[in-house]
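Trainee: Data file my_file04.pdb (PDB, C-alpha atoms) is appended below.
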```pdb
ATOM      1  CA  MET A   3     104.816  80.679  78.688
ATOM      2  CA  ALA A   4     102.158  82.140  80.942
ATOM      3  CA  ASP A   5      98.910  80.729  82.279
ATOM      4  CA  VAL A   6      96.777  83.682  83.394
ATOM      5  CA  GLY A   7      94.085  82.771  85.908
ATOM      6  CA  THR A   8      95.761  79.440  86.550
ATOM      7  CA  GLY A   9      93.326  78.184  89.198
ATOM      8  CA  SER A  10      94.411  74.623  89.961
ATOM      9  CA  GLY A  11      97.409  74.961  87.653
ATOM     10  CA  CYS A  12      96.174  72.326  85.201
ATOM     11  CA  LEU A  13      96.986  74.332  82.053
ATOM     12  CA  ALA A  14     100.407  75.364  83.362
ATOM     13  CA  ILE A  15     101.163  71.723  84.180
ATOM     14  CA  LEU A  16      99.914  70.607  80.768
ATOM     15  CA  LEU A  17     102.169  73.164  79.053
ATOM     16  CA  ALA A  18     105.175  72.078  81.094
ATOM     17  CA  HIS A  19     104.575  68.412  80.251
ATOM     18  CA  ARG A  20     103.942  69.066  76.546
ATOM     19  CA  PHE A  21     106.923  71.418  76.157
ATOM     20  CA  PRO A  22     109.679  69.918  78.352
ATOM     21  CA  ARG A  23     112.121  72.826  77.878
ATOM     22  CA  ALA A  24     109.563  75.538  78.661
ATOM     23  CA  GLN A  25     109.415  77.728  81.734
ATOM     24  CA  VAL A  26     105.831  78.533  82.744
ATOM     25  CA  ASP A  27     104.491  81.376  84.877
ATOM     26  CA  ALA A  28     101.197  80.378  86.525
ATOM     27  CA  ILE A  29      99.341  83.525  87.576
ATOM     28  CA  ASP A  30      96.247  83.925  89.739
ATOM     29  CA  VAL A  31      94.853  86.611  92.022
ATOM     30  CA  SER A  32      93.454  84.004  94.447
ATOM     31  CA  SER A  33      95.791  82.744  97.158
ATOM     32  CA  ALA A  34      93.459  79.762  97.692
ATOM     33  CA  ALA A  35      93.740  78.803  94.013
ATOM     34  CA  LEU A  36      97.513  79.150  94.155
ATOM     35  CA  ALA A  37      97.644  76.856  97.189
ATOM     36  CA  VAL A  38      95.916  74.147  95.126
ATOM     37  CA  ALA A  39      98.156  74.888  92.130
ATOM     38  CA  ARG A  40     101.246  74.608  94.343
ATOM     39  CA  LEU A  41     100.214  71.121  95.472
ATOM     40  CA  ASN A  42      99.540  70.039  91.895
ATOM     41  CA  VAL A  43     102.815  71.455  90.580
ATOM     42  CA  GLN A  44     104.707  69.660  93.368
ATOM     43  CA  GLN A  45     102.819  66.405  92.709
ATOM     44  CA  HIS A  46     103.922  66.569  89.056
ATOM     45  CA  ASP A  47     107.503  67.421  90.102
ATOM     46  CA  LEU A  48     107.463  70.648  88.083
ATOM     47  CA  ALA A  49     108.395  73.200  90.745
ATOM     48  CA  SER A  50     111.655  73.978  88.938
ATOM     49  CA  ARG A  51     109.776  74.882  85.722
ATOM     50  CA  VAL A  52     106.415  76.274  86.849
ATOM     51  CA  THR A  53     106.556  79.487  88.861
ATOM     52  CA  LEU A  54     103.451  80.620  90.735
ATOM     53  CA  HIS A  55     102.609  84.326  90.988
ATOM     54  CA  ARG A  56      99.844  85.975  93.017
ATOM     55  CA  SER A  57      98.816  88.775  90.709
ATOM     56  CA  ASP A  58      95.878  90.415  88.989
ATOM     57  CA  VAL A  59      96.856  89.481  85.428
ATOM     58  CA  PHE A  60     100.439  90.814  85.036
ATOM     59  CA  ALA A  61     100.370  93.587  87.692
ATOM     60  CA  ALA A  62     102.730  91.832  90.145
ATOM     61  CA  VAL A  63     104.619  89.590  87.714
ATOM     62  CA  PRO A  64     108.217  90.473  86.860
ATOM     63  CA  PRO A  65     108.549  91.805  83.300
ATOM     64  CA  ALA A  66     108.869  89.002  80.760
ATOM     65  CA  CYS A  67     108.417  88.333  77.074
ATOM     66  CA  TYR A  68     106.164  85.318  76.531
ATOM     67  CA  ASP A  69     105.985  83.133  73.440
ATOM     68  CA  VAL A  70     102.648  81.671  74.572
ATOM     69  CA  ILE A  71      99.931  83.058  76.861
ATOM     70  CA  VAL A  72      96.903  80.949  77.757
ATOM     71  CA  CYS A  73      93.861  81.982  79.740
ATOM     72  CA  LYS A  74      90.633  80.268  80.683
ATOM     73  CA  PRO A  75      88.688  82.987  82.463
ATOM     74  CA  ALA A  76      86.171  82.036  85.117
ATOM     75  CA  LEU A  77      82.621  82.948  84.239
TER
END
```
Render the structure in this file as structure tokens.
Mentor:
Amino acid sequence: MADVGTGSGCLAILLAHRFPRAQVDAIDVSSAALAVARLNVQQHDLASRVTLHRSDVFAAVPPACYDVIVCKPAL
């Protein structure tokens, strides 16, 4: 699964909790957002299942085939 524009990581964390066998890529271009997401992922003890990527959409993410992609773009 992928959460594009993860921000605080809330959707990635939600996916990981709802689907306990899933691996989730949490992607954001903002290093500040990823710092918050990292804290939240650690607080939920999901660091082994949620991987953070600093990337503009999929530009710097290793190639993968996702079953689910979620995105809540900032307006």
Trainee: So how many Å separate atom CA of A:Leu54 and atom CA of A:Ala28, to one decimal?
Mentor: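 Computing the Euclidean distance for atom CA of A:Leu54 and atom CA of A:Ala28 yields 4.8 Å.
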Trainee: For this file, the PyMOL selection byres ((chain A and resi 37-41) around 10) selects which residues, as an MDAnalysis selection string?
Mentor: chainID A and resid 8:12 14:15 28:30 32:36 42:49 52:54
Trainee: Dump C-alpha atoms for the selected residues as a CSV table (one decimal), in the coordinates of the input?
Mentor:
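Heads up, here's the output in result_19.csv:
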```
chain,number,residue,atom,x,y,z
A,8,THR,CA,95.8,79.4,86.6
A,9,GLY,CA,93.3,78.2,89.2
A,10,SER,CA,94.4,74.6,90.0
A,11,GLY,CA,97.4,75.0,87.7
A,12,CYS,CA,96.2,72.3,85.2
A,14,ALA,CA,100.4,75.4,83.4
A,15,ILE,CA,101.2,71.7,84.2
A,28,ALA,CA,101.2,80.4,86.5
A,29,ILE,CA,99.3,83.5,87.6
A,30,ASP,CA,96.2,83.9,89.7
A,32,SER,CA,93.5,84.0,94.4
A,33,SER,CA,95.8,82.7,97.2
A,34,ALA,CA,93.5,79.8,97.7
A,35,ALA,CA,93.7,78.8,94.0
A,36,LEU,CA,97.5,79.2,94.2
A,42,ASN,CA,99.5,70.0,91.9
A,43,VAL,CA,102.8,71.5,90.6
A,44,GLN,CA,104.7,69.7,93.4
A,45,GLN,CA,102.8,66.4,92.7
A,46,HIS,CA,103.9,66.6,89.1
A,47,ASP,CA,107.5,67.4,90.1
A,48,LEU,CA,107.5,70.6,88.1
A,49,ALA,CA,108.4,73.2,90.7
A,52,VAL,CA,106.4,76.3,86.8
A,53,THR,CA,106.6,79.5,88.9
A,54,LEU,CA,103.5,80.6,90.7
```
Trainee: With all atoms listed in the file as the atoms that count, which of A:Leu16, A:Ala62, A:Val26, A:Val31 lies nearest to A:Ala4?
Mentor: A:Val26
Trainee: So that each row is one residue of stretch 22-51 of chain A with an atom at most 10 Å from stretch 66-71 of chain A, can you give its shortest atom pair and the distance in Å to one decimal, using all atoms listed in the file, rows by chain and rising number, as JSON lines?
Mentor:
```
{"residue": "A:Ala24", "atom": "CA", "partner": "A:Asp69", "partner_atom": "CA", "distance": 9.9}
{"residue": "A:Gln25", "atom": "CA", "partner": "A:Tyr68", "partner_atom": "CA", "distance": 9.8}
{"residue": "A:Val26", "atom": "CA", "partner": "A:Tyr68", "partner_atom": "CA", "distance": 9.2}
{"residue": "A:Asp27", "atom": "CA", "partner": "A:Ile71", "partner_atom": "CA", "distance": 9.4}
```
Trainee: Have a look at A:Pro65, A:Arg51, A:Gly7, A:Pro75 and name the one nearest to A:His19; count all atoms listed in the file.
Mentor: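 Once distances to A:His19 are computed over all atoms listed in the file, the minimum belongs to A:Arg51.
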Trainee: Taking all atoms of stretch 60-67 of chain A that appear in the file, build a box with edges along x, y and z, extend it by 3 Å on every side, and state its centre and edge lengths in Å to one decimal, as lines of an AutoDock Vina configuration file.
Mentor:
```
center_x = 104.6
center_y = 91.0
center_z = 83.6
size_x = 14.5
size_y = 11.3
size_z = 19.1
```
Trainee: Take atom CA of A:Asp5 and atom CA of A:Pro64 and report the distance between them in Å, one decimal.
Mentor: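 Rounded to one decimal, the two atoms are 14.2 Å apart.
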Trainee: Could you jot down the atom CA of A:His55 to atom CA of A:Phe21 separation for me, Å, one decimal place?
Mentor: 20.1 Å
